[in-house]
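J.: As input, take upload_5.tsv (TSV, C-alpha atoms and all ligand atoms):
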```
chain	number	residue	atom	x	y	z
A	25	MET	CA	5.96	-20.67	-18.42
A	26	SER	CA	2.44	-20.01	-17.26
A	27	ASN	CA	2.86	-20.61	-13.53
A	28	ILE	CA	3.30	-17.68	-11.15
A	29	LEU	CA	5.36	-17.55	-7.97
A	30	VAL	CA	4.24	-15.29	-5.14
A	31	TYR	CA	6.40	-14.44	-2.15
A	32	ALA	CA	4.45	-14.50	1.12
A	33	LEU	CA	5.62	-12.23	3.90
A	34	HIS	CA	4.54	-13.53	7.29
A	35	HIS	CA	4.90	-12.46	10.88
A	36	ASP	CA	3.55	-13.77	14.17
A	37	GLY	CA	1.60	-16.59	12.57
A	38	ALA	CA	-0.17	-14.40	10.04
A	39	VAL	CA	0.37	-13.87	6.33
A	40	ASN	CA	0.80	-10.21	5.37
A	41	LYS	CA	-2.31	-8.61	3.85
A	42	ASN	CA	-0.44	-7.33	0.80
A	43	SER	CA	0.94	-10.80	0.15
A	44	LEU	CA	-2.62	-12.20	0.31
A	45	GLY	CA	-3.65	-9.50	-2.18
A	46	ALA	CA	-0.80	-10.55	-4.49
A	47	ILE	CA	-1.85	-14.22	-4.22
A	48	SER	CA	-5.47	-13.31	-5.00
A	49	GLU	CA	-4.40	-11.24	-8.02
A	50	ALA	CA	-1.98	-13.91	-9.22
A	51	SER	CA	-4.64	-16.59	-9.00
A	52	LYS	CA	-6.91	-14.53	-11.28
A	53	LEU	CA	-4.08	-14.10	-13.79
A	54	ALA	CA	-2.94	-17.73	-13.61
A	55	GLY	CA	-6.48	-18.81	-14.45
A	56	GLU	CA	-6.27	-16.77	-17.67
A	57	LEU	CA	-2.73	-17.97	-18.45
A	58	GLY	CA	-3.70	-21.60	-17.89
A	59	GLY	CA	-1.24	-22.01	-15.01
A	60	GLU	CA	-1.07	-22.17	-11.22
A	61	VAL	CA	0.01	-19.95	-8.35
A	62	HIS	CA	2.71	-21.32	-6.08
A	63	VAL	CA	3.39	-19.38	-2.90
A	64	VAL	CA	6.83	-19.31	-1.31
A	65	PHE	CA	7.44	-18.87	2.42
A	66	VAL	CA	10.96	-18.18	3.65
A	67	GLY	CA	11.71	-18.38	7.37
A	68	GLU	CA	11.98	-20.61	10.39
A	69	ASP	CA	9.09	-22.24	12.26
A	70	ILE	CA	6.37	-21.54	9.72
A	71	SER	CA	3.47	-23.81	10.60
A	72	ASP	CA	1.59	-25.98	8.12
A	73	ASP	CA	-1.59	-24.12	9.03
A	74	VAL	CA	-0.17	-20.69	8.21
A	75	ALA	CA	1.55	-21.74	4.98
A	76	GLY	CA	-1.31	-23.97	3.80
A	77	SER	CA	-3.89	-21.22	4.38
A	78	VAL	CA	-2.83	-19.46	1.16
A	79	GLY	CA	-4.86	-22.09	-0.69
A	80	THR	CA	-7.95	-20.18	0.40
A	81	TYR	CA	-6.75	-17.25	-1.74
A	82	GLY	CA	-6.30	-19.40	-4.83
A	83	ALA	CA	-2.78	-20.83	-4.43
A	84	ALA	CA	-2.30	-24.36	-5.78
A	85	LYS	CA	0.88	-24.99	-3.77
A	86	ALA	CA	2.59	-23.64	-0.67
A	87	LEU	CA	6.38	-24.03	-0.74
A	88	ARG	CA	8.36	-23.58	2.47
A	89	VAL	CA	12.08	-22.80	2.55
A	90	ALA	CA	13.91	-22.92	5.88
A	91	ALA	CA	16.13	-19.82	5.92
A	92	PRO	CA	16.49	-16.55	7.87
A	93	ALA	CA	13.30	-14.48	7.64
A	94	GLY	CA	12.86	-10.77	7.11
A	95	VAL	CA	15.91	-10.11	4.91
A	96	ALA	CA	16.06	-10.06	1.13
A	97	GLN	CA	18.95	-12.32	0.17
A	98	PRO	CA	17.49	-15.66	1.32
A	99	VAL	CA	14.26	-14.74	-0.46
A	100	VAL	CA	16.24	-14.18	-3.68
A	101	ASP	CA	18.03	-17.53	-3.25
A	102	ALA	CA	14.76	-19.35	-2.56
A	103	LEU	CA	12.68	-17.87	-5.38
A	104	ALA	CA	15.53	-18.09	-7.91
A	105	LYS	CA	16.09	-21.79	-7.18
A	106	ILE	CA	12.38	-22.60	-7.37
A	107	ALA	CA	11.95	-20.54	-10.56
A	108	GLN	CA	14.94	-22.21	-12.23
A	109	ASP	CA	13.79	-25.72	-11.30
A	110	GLY	CA	10.18	-25.23	-12.38
A	111	ASP	CA	8.00	-23.82	-15.10
A	112	TYR	CA	7.48	-20.20	-14.05
A	113	GLY	CA	7.09	-17.01	-16.04
A	114	TYR	CA	6.53	-14.47	-13.26
A	115	ALA	CA	7.07	-13.68	-9.59
A	116	ILE	CA	4.82	-11.26	-7.73
A	117	PHE	CA	5.54	-9.43	-4.46
A	118	GLY	CA	2.78	-7.61	-2.58
A	119	GLY	CA	4.87	-4.48	-2.06
A	120	GLY	CA	7.00	-2.87	0.60
A	121	LEU	CA	10.72	-2.45	1.02
A	122	LEU	CA	11.52	-6.15	1.30
A	123	GLY	CA	9.60	-6.70	-1.94
A	124	PHE	CA	11.62	-3.99	-3.72
A	125	GLU	CA	14.90	-5.40	-2.50
A	126	ALA	CA	14.18	-9.08	-3.08
A	127	GLY	CA	12.35	-8.39	-6.35
A	128	ALA	CA	15.29	-6.47	-7.79
A	129	GLY	CA	17.71	-9.19	-6.67
A	130	LEU	CA	15.55	-11.90	-8.20
A	131	ALA	CA	15.22	-10.09	-11.55
A	132	ALA	CA	19.00	-9.60	-11.65
A	133	ARG	CA	19.68	-13.23	-10.73
A	134	LEU	CA	17.32	-14.55	-13.42
A	135	GLY	CA	18.22	-11.98	-16.08
A	136	GLY	CA	14.58	-10.90	-16.07
A	137	GLY	CA	12.73	-7.60	-15.89
A	138	ILE	CA	11.13	-5.85	-12.93
A	139	ALA	CA	8.17	-3.49	-12.62
A	140	VAL	CA	7.54	-1.81	-9.25
A	141	GLU	CA	4.72	0.22	-7.67
A	142	ILE	CA	2.23	-1.66	-9.82
A	143	THR	CA	-1.45	-0.89	-9.30
A	144	GLY	CA	-3.00	-3.20	-11.90
A	145	LEU	CA	-2.23	-6.44	-13.75
A	146	ARG	CA	-3.94	-8.06	-16.70
A	147	VAL	CA	-3.34	-10.76	-19.27
A	148	ASP	CA	-2.99	-9.71	-22.90
A	149	GLY	CA	-1.99	-12.08	-25.69
A	150	GLY	CA	-0.95	-14.78	-23.22
A	151	ALA	CA	1.35	-12.49	-21.25
A	152	ILE	CA	1.04	-10.30	-18.17
A	153	VAL	CA	0.82	-6.54	-18.65
A	154	ALA	CA	1.59	-4.43	-15.56
A	155	GLU	CA	0.11	-0.98	-14.97
A	156	ARG	CA	2.12	1.66	-13.17
A	157	PRO	CA	0.98	5.20	-12.34
A	158	VAL	CA	3.48	7.84	-13.46
A	159	LEU	CA	3.79	11.65	-13.55
A	160	GLY	CA	2.39	12.18	-10.05
A	161	ASP	CA	-0.20	9.45	-10.64
A	162	SER	CA	-1.80	11.44	-13.48
A	163	GLU	CA	-1.07	8.83	-16.17
A	164	ILE	CA	-0.76	5.04	-16.28
A	165	SER	CA	2.14	3.38	-18.09
A	166	GLU	CA	1.91	-0.22	-19.28
A	167	ILE	CA	4.81	-2.62	-18.92
A	168	LYS	CA	5.42	-5.93	-20.71
A	169	PHE	CA	8.25	-8.29	-19.87
A	170	LYS	CA	10.91	-9.91	-22.00
A	171	GLY	CA	11.83	-13.15	-20.27
A	172	PHE	CA	11.06	-13.69	-16.56
A	173	GLY	CA	8.91	-10.91	-15.14
A	174	VAL	CA	9.06	-9.66	-11.54
A	175	VAL	CA	6.18	-7.52	-10.29
A	176	VAL	CA	6.21	-5.55	-7.04
A	177	GLY	CA	2.80	-4.13	-6.21
A	178	ARG	CA	1.99	-0.78	-4.67
A	179	LEU	CA	0.87	-1.28	-1.08
A	180	ASN	CA	-2.84	-2.17	-0.93
A	181	ALA	CA	-3.16	-2.19	-4.73
A	182	PHE	CA	-4.42	-5.77	-4.94
A	183	GLU	CA	-7.73	-6.75	-3.42
A	184	LEU	CA	-8.10	-9.88	-1.35
A	185	ALA	CA	-10.32	-12.53	-2.93
A	186	GLN	CA	-10.97	-15.88	-1.35
A	187	SER	CA	-11.27	-18.99	-3.52
A	188	GLY	CA	-10.30	-22.59	-2.89
A	189	SER	CA	-9.26	-24.30	0.32
A	190	ALA	CA	-6.10	-24.91	2.33
A	191	VAL	CA	-3.29	-26.73	0.49
A	192	ALA	CA	-0.60	-29.16	1.61
A	193	VAL	CA	2.81	-27.64	2.31
A	194	GLU	CA	5.97	-28.80	0.50
A	195	ASP	CA	9.39	-28.20	2.04
A	196	VAL	CA	12.00	-27.15	-0.49
A	197	ALA	CA	15.71	-27.37	0.27
A	198	VAL	CA	17.66	-24.38	-1.01
A	199	GLU	CA	21.40	-23.90	-0.74
A	200	LEU	CA	21.86	-20.34	0.45
A	201	SER	CA	24.48	-18.10	-1.14
A	202	ASP	CA	27.26	-16.57	0.97
A	203	ALA	CA	25.48	-13.22	0.81
A	204	SER	CA	22.48	-14.71	2.62
A	205	GLY	CA	24.43	-14.98	5.87
A	206	LYS	CA	25.75	-11.42	5.82
A	207	VAL	CA	22.66	-9.65	7.12
A	208	THR	CA	20.54	-10.54	10.13
A	209	VAL	CA	17.48	-8.90	11.65
A	210	VAL	CA	18.51	-7.29	14.92
A	211	THR	CA	15.15	-5.94	15.99
A	212	ARG	CA	11.70	-5.54	14.50
A	213	GLY	CA	9.46	-2.59	15.35
A	214	GLU	CA	6.08	-1.28	14.34
A	215	GLN	CA	5.84	1.84	12.22
A	216	ARG	CA	5.48	5.01	14.29
A	217	GLY	CA	1.80	5.85	14.61
A	218	ALA	CA	0.64	2.42	13.46
A	219	ASP	CA	-2.07	2.63	16.10
A	220	VAL	CA	-3.65	5.79	14.66
A	221	ASN	CA	-7.41	5.20	14.68
A	222	ILE	CA	-9.18	7.39	12.16
A	223	GLU	CA	-12.23	5.22	11.56
A	224	ASP	CA	-13.88	5.99	14.90
A	225	ALA	CA	-13.25	9.75	14.95
A	226	GLN	CA	-16.27	12.08	14.78
A	227	VAL	CA	-14.14	14.92	13.46
A	228	LEU	CA	-11.29	14.21	11.06
A	229	ILE	CA	-8.69	16.82	10.24
A	230	THR	CA	-6.96	15.67	7.08
A	231	GLY	CA	-3.56	17.00	6.09
A	232	GLY	CA	-2.62	17.06	2.41
A	233	ARG	CA	0.49	17.97	0.47
A	234	GLY	CA	-0.60	21.59	0.84
A	235	LEU	CA	0.62	21.49	4.46
A	236	GLY	CA	4.09	21.73	2.95
A	237	SER	CA	6.12	19.74	5.49
A	238	PRO	CA	5.79	17.06	8.17
A	239	GLU	CA	6.30	19.69	10.87
A	240	ASN	CA	3.26	21.55	9.61
A	241	PHE	CA	1.06	18.63	10.68
A	242	SER	CA	1.18	20.44	14.03
A	243	VAL	CA	-1.39	22.84	12.52
A	244	ALA	CA	-3.71	19.86	12.01
A	245	ASP	CA	-2.89	18.51	15.50
A	246	ASP	CA	-3.81	21.88	17.05
A	247	LEU	CA	-7.12	21.99	15.22
A	248	ALA	CA	-7.94	18.42	16.33
A	249	ALA	CA	-7.00	19.33	19.91
A	250	ALA	CA	-9.31	22.35	19.74
A	251	PHE	CA	-12.22	20.05	18.87
A	252	GLY	CA	-11.30	17.70	21.68
A	253	GLY	CA	-11.48	13.96	22.28
A	254	SER	CA	-13.58	12.88	19.32
A	255	ALA	CA	-11.23	14.41	16.76
A	256	ALA	CA	-8.26	12.79	15.04
A	257	VAL	CA	-5.75	13.66	12.34
A	258	ALA	CA	-5.58	11.80	9.02
A	259	ALA	CA	-3.72	12.32	5.75
A	260	THR	CA	-3.80	11.98	1.99
A	261	ARG	CA	-1.65	9.49	0.19
A	262	ALA	CA	0.63	12.28	-1.08
A	263	ALA	CA	1.41	13.22	2.54
A	264	VAL	CA	1.88	9.57	3.54
A	265	ASP	CA	4.10	8.78	0.55
A	266	ALA	CA	6.24	11.80	1.42
A	267	GLY	CA	6.80	10.25	4.86
A	268	TRP	CA	4.96	13.05	6.63
A	269	PHE	CA	2.33	10.83	8.27
A	270	PRO	CA	1.97	7.10	9.00
A	271	TYR	CA	0.13	4.92	6.53
A	272	ALA	CA	-2.35	3.90	9.25
A	273	GLY	CA	-3.84	7.39	8.92
A	274	GLN	CA	-4.28	7.42	5.14
A	275	ILE	CA	-7.77	7.96	3.73
A	276	GLY	CA	-8.72	6.72	0.28
A	277	GLN	CA	-8.71	3.94	-2.26
A	278	THR	CA	-5.47	2.46	-0.99
A	279	GLY	CA	-6.05	3.60	2.58
A	280	LYS	CA	-9.04	3.65	4.90
A	281	THR	CA	-12.68	4.50	4.31
A	282	VAL	CA	-14.08	6.91	6.86
A	283	ALA	CA	-17.45	8.48	7.58
A	284	PRO	CA	-16.99	11.09	10.31
A	285	LYS	CA	-19.54	13.75	11.20
A	286	VAL	CA	-17.09	16.41	10.05
A	287	TYR	CA	-14.17	16.09	7.63
A	288	ILE	CA	-11.85	19.09	7.29
A	289	GLY	CA	-9.30	18.94	4.47
A	290	LEU	CA	-6.23	21.16	4.85
A	291	GLY	CA	-4.38	21.55	1.55
A	292	VAL	CA	-6.14	18.52	0.07
A	293	SER	CA	-6.88	18.69	-3.68
A	294	GLY	CA	-9.70	16.11	-3.61
A	295	ALA	CA	-8.41	13.52	-6.10
A	296	ILE	CA	-10.90	10.74	-6.90
A	297	GLN	CA	-8.78	8.15	-5.07
A	298	HIS	CA	-9.01	10.28	-1.92
A	299	LYS	CA	-12.67	11.12	-2.40
A	300	VAL	CA	-13.76	7.46	-2.46
A	301	GLY	CA	-12.46	7.10	1.10
A	302	MET	CA	-14.22	10.13	2.63
A	303	GLN	CA	-17.25	11.02	0.54
A	304	SER	CA	-19.59	9.53	3.16
A	305	ALA	CA	-18.58	12.17	5.71
A	306	GLU	CA	-21.68	14.06	6.89
A	307	ASN	CA	-20.08	17.47	6.47
A	308	ILE	CA	-17.09	18.13	4.24
A	309	VAL	CA	-15.08	21.29	4.80
A	310	ALA	CA	-12.18	22.20	2.52
A	311	ILE	CA	-9.50	24.81	3.02
A	312	ASN	CA	-7.44	25.23	-0.13
A	313	LYS	CA	-5.73	28.20	-1.73
A	314	ASP	CA	-6.77	27.09	-5.23
A	315	GLY	CA	-10.41	27.98	-5.90
A	316	ASN	CA	-10.44	25.43	-8.73
A	317	ALA	CA	-9.34	22.48	-6.56
A	318	PRO	CA	-11.61	19.46	-7.23
A	319	ILE	CA	-12.49	19.15	-3.53
A	320	PHE	CA	-14.67	22.26	-3.83
A	321	GLU	CA	-16.93	20.32	-6.21
A	322	PHE	CA	-18.10	18.05	-3.38
A	323	ALA	CA	-17.36	20.10	-0.24
A	324	ASP	CA	-20.30	21.39	1.82
A	325	LEU	CA	-18.23	24.36	2.91
A	326	GLY	CA	-15.21	25.65	1.01
A	327	VAL	CA	-12.70	28.23	2.18
A	328	VAL	CA	-10.33	29.57	-0.47
A	329	GLY	CA	-7.15	30.81	1.12
A	330	ASP	CA	-3.81	30.00	2.74
A	331	LEU	CA	-4.30	27.31	5.37
A	332	HIS	CA	-1.39	28.66	7.39
A	333	ALA	CA	-3.30	31.89	7.96
A	334	ILE	CA	-6.76	30.34	8.34
A	335	VAL	CA	-6.26	27.21	10.44
A	336	PRO	CA	-4.48	28.70	13.48
A	337	ALA	CA	-7.20	31.37	13.61
A	338	LEU	CA	-9.87	28.66	13.34
A	339	SER	CA	-8.27	26.65	16.15
A	340	ALA	CA	-8.10	29.74	18.35
A	341	ALA	CA	-11.76	30.59	17.59
A	342	ILE	CA	-12.94	27.04	18.47
A	343	LYS	CA	-10.95	27.07	21.71
A	344	ALA	CA	-12.35	30.50	22.62
A	345	LYS	CA	-15.91	29.36	21.89
A	346	LYS	CA	-15.49	26.18	23.92
A	347	GLY	CA	-13.67	27.91	26.75
B	401	LIG	C1	-4.04	3.68	-7.75
B	401	LIG	C2	-4.00	4.94	-6.94
B	401	LIG	C3	-4.40	4.88	-5.63
B	401	LIG	C4	-4.39	6.04	-4.84
B	401	LIG	N1	-4.85	5.97	-3.56
B	401	LIG	C5	-4.95	7.10	-2.84
B	401	LIG	C6	-5.49	7.09	-1.53
B	401	LIG	O1	-5.84	6.05	-0.97
B	401	LIG	N2	-5.59	8.26	-0.85
B	401	LIG	C7	-5.21	9.45	-1.40
B	401	LIG	O2	-5.35	10.49	-0.71
B	401	LIG	N3	-4.67	9.50	-2.63
B	401	LIG	C8	-4.53	8.36	-3.36
B	401	LIG	N4	-3.94	8.41	-4.58
B	401	LIG	C9	-3.28	9.65	-4.98
B	401	LIG	C10	-4.23	10.71	-5.51
B	401	LIG	O3	-4.40	10.54	-6.89
B	401	LIG	C11	-3.63	12.11	-5.28
B	401	LIG	O4	-2.33	12.16	-5.86
B	401	LIG	C12	-3.53	12.50	-3.80
B	401	LIG	O5	-4.75	12.28	-3.13
B	401	LIG	C13	-3.18	13.97	-3.71
B	401	LIG	O6	-2.94	14.31	-2.37
B	401	LIG	P1	-3.03	15.82	-1.89
B	401	LIG	O7	-4.41	16.31	-2.12
B	401	LIG	O8	-2.46	15.86	-0.52
B	401	LIG	O9	-1.96	16.55	-2.82
B	401	LIG	P2	-2.13	17.50	-4.07
B	401	LIG	O10	-2.99	16.89	-5.12
B	401	LIG	O11	-0.75	17.90	-4.46
B	401	LIG	O12	-2.92	18.76	-3.51
B	401	LIG	C14	-2.37	19.67	-2.62
B	401	LIG	C15	-3.38	20.81	-2.49
B	401	LIG	O13	-2.94	21.72	-1.51
B	401	LIG	C16	-3.29	23.02	-1.93
B	401	LIG	N5	-2.39	23.94	-1.21
B	401	LIG	C17	-1.06	24.08	-1.37
B	401	LIG	N6	-0.57	25.00	-0.50
B	401	LIG	C18	-1.64	25.43	0.23
B	401	LIG	C19	-1.80	26.40	1.28
B	401	LIG	N7	-0.75	27.07	1.79
B	401	LIG	N8	-3.04	26.62	1.76
B	401	LIG	C20	-4.13	25.94	1.28
B	401	LIG	N9	-4.03	25.04	0.26
B	401	LIG	C21	-2.80	24.77	-0.23
B	401	LIG	C22	-3.09	23.01	-3.43
B	401	LIG	O14	-3.87	24.02	-4.05
B	401	LIG	C23	-3.56	21.59	-3.79
B	401	LIG	O15	-4.94	21.59	-4.17
B	401	LIG	C24	-3.94	7.27	-5.38
B	401	LIG	C25	-3.52	7.31	-6.71
B	401	LIG	C26	-3.54	6.16	-7.49
B	401	LIG	C27	-3.12	6.23	-8.92
```
Would you kindly transcribe this structure into structure tokens?
T.:
Amino acid sequence: MSNILVYALHHDGAVNKNSLGAISEASKLAGELGGEVHVVFVGEDISDDVAGSVGTYGAAKALRVAAPAGVAQPVVDALAKIAQDGDYGYAIFGGGLLGFEAGAGLAARLGGGIAVEITGLRVDGGAIVAERPVLGDSEISEIKFKGFGVVVGRLNAFELAQSGSAVAVEDVAVELSDASGKVTVVTRGEQRGADVNIEDAQVLITGGRGLGSPENFSVADDLAAAFGGSAAVAATRAAVDAGWFPYAGQIGQTGKTVAPKVYIGLGVSGAIQHKVGMQSAENIVAINKDGNAPIFEFADLGVVGDLHAIVPALSAAIKAKKG
């Protein structure tokens, strides 16, 4: 039971980055468990090149199942059949909604356990231990599995690591359940704001949970507009997780690393995972109503007060000065 299955999400001839992270992580764990990583592709028209490329992230086998792509049920059918026919102890999904849905279905089908939003995995006593942040990410809980274990990672939790070379692709025939034909993908779209480019901005206005609502990002937009063309708006993970801002604009450990000339944090506490993504900014300005917020420990300029009173006045002052 030492082999690990990884589901590979793919689109437009490319394997999803989070899936590659899951394969990289699984290959590290499989080495310690004395097993192999086998990667499962589900879909139509998946080329040998695309599927076989997972070998360069440590996979020993690429398994291809011809079935509708982009929906959970065929993924459950495919992984369940492969897991039942082989010697597998775990299945890992890189993250995302499809991972949640298919992972839960797979655990139920196999009578196994599931751990979601996982940020770390390790081997202890010949078994995988999953680490999951809890209580607003202030503590880490550890999860062990009884029976088959399904892990769904937090987006961007697993780093990509290349090892090995392309592998041959095996086609696996899977009889799909009735449920697999009940849902089809009608249309596929990109996330709103997926083209946000925060890495090239000279001035970055970063909205945190302190903004209070998605609508209040307009305060950040106005400040960026006051600075002009070289300014952009970014966000903390708390704001992104709340659905207030697209992931493409997230700064930090599980987001982007930025180094603008000026970083202005609006209602940003300055957690370490955020700091690692912006500490190279030339000038760090923080506006926060809590004088003890950690961001003041590394800000060049700190303003203690209510952002809703300060930022509109700041925007107006910049516009007046420029005008
Ligand atoms: C594995 C892992 C990876 C992570 N990766 C990232 C990452 O990539 N990026 C990231 O940002 N976080 C990341 N986090 C989360 C991180 O730990 C923090 O939870 C997050 O950065 C907090 O976001 P925030 O500052 O917006 O919210 P909070 O910590 O809730 O801070 C909100 C701040 O707003 C202030 N405030 C409230 N109202 C006002 C007001 N009216 N005026 C002025 N100030 C106000 C408050 O005083 C507070 O300091 C990660 C966590 C883990 C465990």
J.: Please identify the residues whose atoms come within 8 Å of ligand LIG 401 (chain B), using all atoms listed in the file, and report them as an MDAnalysis selection string.
T.: chainID A and resid 143 157 160:164 181 231:236 259:263 274:280 290:299 301 311:315 317:319 328:332
J.: Please give the centre and size of the box around range 225-241 of chain A (axis-aligned, containing every atom listed in the file, 3 Å added per side), with values in Å to one decimal and written as lines of an AutoDock Vina configuration file.
T.:
```
center_x = -5.0
center_y = 15.7
center_z = 7.7
size_x = 28.6
size_y = 18.0
size_z = 20.5
```
J.: For a quick check of understanding, using only C-alpha atoms, which of A:Val147, A:Ile142, A:Val95, A:Ala128 has the smallest distance to Ala54 in chain A?
T.: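 Using only C-alpha atoms, Ala54 in chain A sits closest to A:Val147.
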J.: Given only C-alpha atoms as the basis, pick out the residue of A:Gln108, A:Ser254, A:Ser204, A:Asn42 nearest to Glu223 in chain A.
T.: A:Ser254
J.: Excluding Leu121 in chain A and its own-chain neighbours fewer than 4 positions away, which residues fall within 10 Å of it when counting all atoms listed in the file? Please give them as a ChimeraX atom specification.
T.: /A:96,125-127,176
J.: If we count only C-alpha atoms, what is near Ala115 in chain A at a cut-off of 12 Å, once residues fewer than 2 positions away on the same chain are taken out, given as a PyMOL selection string?
T.: chain A and resi 25-32+43+46-47+49-50+53-54+60-64+99-100+102-104+106-108+111-113+117-118+123+126-131+134+136-140+152+169+171-177
J.: Using C-alpha atoms, can you write the selected residues to a file as a compact mmCIF listing (two decimals), in the frame of the given file?
T.:
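Heads up, here's the output in out-v6.txt:
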```
# COMPACT_ATOMS: atom_id res chain seq x y z
CA MET A 25 5.96 -20.67 -18.42
CA SER A 26 2.44 -20.01 -17.26
CA ASN A 27 2.86 -20.61 -13.53
CA ILE A 28 3.30 -17.68 -11.15
CA LEU A 29 5.36 -17.55 -7.97
CA VAL A 30 4.24 -15.29 -5.14
CA TYR A 31 6.40 -14.44 -2.15
CA ALA A 32 4.45 -14.50 1.12
CA SER A 43 0.94 -10.80 0.15
CA ALA A 46 -0.80 -10.55 -4.49
CA ILE A 47 -1.85 -14.22 -4.22
CA GLU A 49 -4.40 -11.24 -8.02
CA ALA A 50 -1.98 -13.91 -9.22
CA LEU A 53 -4.08 -14.10 -13.79
CA ALA A 54 -2.94 -17.73 -13.61
CA GLU A 60 -1.07 -22.17 -11.22
CA VAL A 61 0.01 -19.95 -8.35
CA HIS A 62 2.71 -21.32 -6.08
CA VAL A 63 3.39 -19.38 -2.90
CA VAL A 64 6.83 -19.31 -1.31
CA VAL A 99 14.26 -14.74 -0.46
CA VAL A 100 16.24 -14.18 -3.68
CA ALA A 102 14.76 -19.35 -2.56
CA LEU A 103 12.68 -17.87 -5.38
CA ALA A 104 15.53 -18.09 -7.91
CA ILE A 106 12.38 -22.60 -7.37
CA ALA A 107 11.95 -20.54 -10.56
CA GLN A 108 14.94 -22.21 -12.23
CA ASP A 111 8.00 -23.82 -15.10
CA TYR A 112 7.48 -20.20 -14.05
CA GLY A 113 7.09 -17.01 -16.04
CA PHE A 117 5.54 -9.43 -4.46
CA GLY A 118 2.78 -7.61 -2.58
CA GLY A 123 9.60 -6.70 -1.94
CA ALA A 126 14.18 -9.08 -3.08
CA GLY A 127 12.35 -8.39 -6.35
CA ALA A 128 15.29 -6.47 -7.79
CA GLY A 129 17.71 -9.19 -6.67
CA LEU A 130 15.55 -11.90 -8.20
CA ALA A 131 15.22 -10.09 -11.55
CA LEU A 134 17.32 -14.55 -13.42
CA GLY A 136 14.58 -10.90 -16.07
CA GLY A 137 12.73 -7.60 -15.89
CA ILE A 138 11.13 -5.85 -12.93
CA ALA A 139 8.17 -3.49 -12.62
CA VAL A 140 7.54 -1.81 -9.25
CA ILE A 152 1.04 -10.30 -18.17
CA PHE A 169 8.25 -8.29 -19.87
CA GLY A 171 11.83 -13.15 -20.27
CA PHE A 172 11.06 -13.69 -16.56
CA GLY A 173 8.91 -10.91 -15.14
CA VAL A 174 9.06 -9.66 -11.54
CA VAL A 175 6.18 -7.52 -10.29
CA VAL A 176 6.21 -5.55 -7.04
CA GLY A 177 2.80 -4.13 -6.21
```
J.: Within 8 Å of Ala90 in chain A, counting all atoms listed in the file, which residues qualify if same-chain residues fewer than 4 places away don't, as a ChimeraX atom specification?
T.: /A:66-68,195-198
J.: Smallest atom-to-atom distance to Ala337 in chain A: which of A:Asp265, A:Phe124, A:Leu247, A:Ala185, using all atoms listed in the file?
T.: A:Leu247
J.: In Å, rounded to a single decimal, give me how far CA of Glu321 in chain A is from CA of Val309 in chain A.
T.: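 Pair CA of Val309 in chain A / CA of Glu321 in chain A returns 11.2 Å.
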J.: Report, in Å to a single decimal, how far apart CA of Ala192 in chain A and CA of Gly150 in chain A are.
T.: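 According to the coordinates, CA of Gly150 in chain A and CA of Ala192 in chain A are separated by 28.7 Å.
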J.: Between A:Phe251, A:Tyr81, A:Phe320, A:Phe269, which has the minimum distance to Val286 in chain A (counting only C-alpha atoms)?
T.: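 Distance minimum relative to Val286 in chain A lands on A:Phe251.
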J.: Using all atoms listed in the file, can you tell me which of A:Leu145, A:Glu166, A:Phe241, A:Asp101 comes closest to Trp268 in chain A?
T.: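 Distance minimum relative to Trp268 in chain A lands on A:Phe241.
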J.: So, counting all atoms listed in the file, which residue among A:Gly135, A:Gly144, A:Gly119, A:Pro336 is closest to Ala250 in chain A?
T.: A:Pro336
J.: Report, in Å with one decimal, the straight-line distance from CA of Arg88 in chain A to CA of Val74 in chain A.
T.: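 Those two atoms sit 10.7 Å apart.
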J.: Can you give me N, CA and C atoms for range 183-191 of chain A, written as a compact mmCIF listing (two decimals), in the coordinates of the input?
T.:
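Written out: part.txt:
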```
# COMPACT_ATOMS: atom_id res chain seq x y z
N GLU A 183 -6.65 -6.38 -4.36
CA GLU A 183 -7.73 -6.75 -3.42
C GLU A 183 -7.66 -8.22 -3.03
N LEU A 184 -8.05 -8.49 -1.81
CA LEU A 184 -8.10 -9.88 -1.35
C LEU A 184 -9.34 -10.56 -1.92
N ALA A 185 -9.16 -11.77 -2.44
CA ALA A 185 -10.32 -12.53 -2.93
C ALA A 185 -10.13 -13.98 -2.54
N GLN A 186 -11.10 -14.49 -1.81
CA GLN A 186 -10.97 -15.88 -1.35
C GLN A 186 -11.54 -16.84 -2.38
N SER A 187 -10.80 -17.92 -2.62
CA SER A 187 -11.27 -18.99 -3.52
C SER A 187 -10.45 -20.22 -3.16
N GLY A 188 -11.04 -21.36 -3.18
CA GLY A 188 -10.30 -22.59 -2.89
C GLY A 188 -10.20 -22.88 -1.41
N SER A 189 -9.40 -23.90 -1.09
CA SER A 189 -9.26 -24.30 0.32
C SER A 189 -7.78 -24.56 0.62
N ALA A 190 -7.49 -24.77 1.89
CA ALA A 190 -6.10 -24.91 2.33
C ALA A 190 -5.37 -25.99 1.51
N VAL A 191 -4.08 -25.77 1.29
CA VAL A 191 -3.29 -26.73 0.49
C VAL A 191 -2.22 -27.37 1.37
```
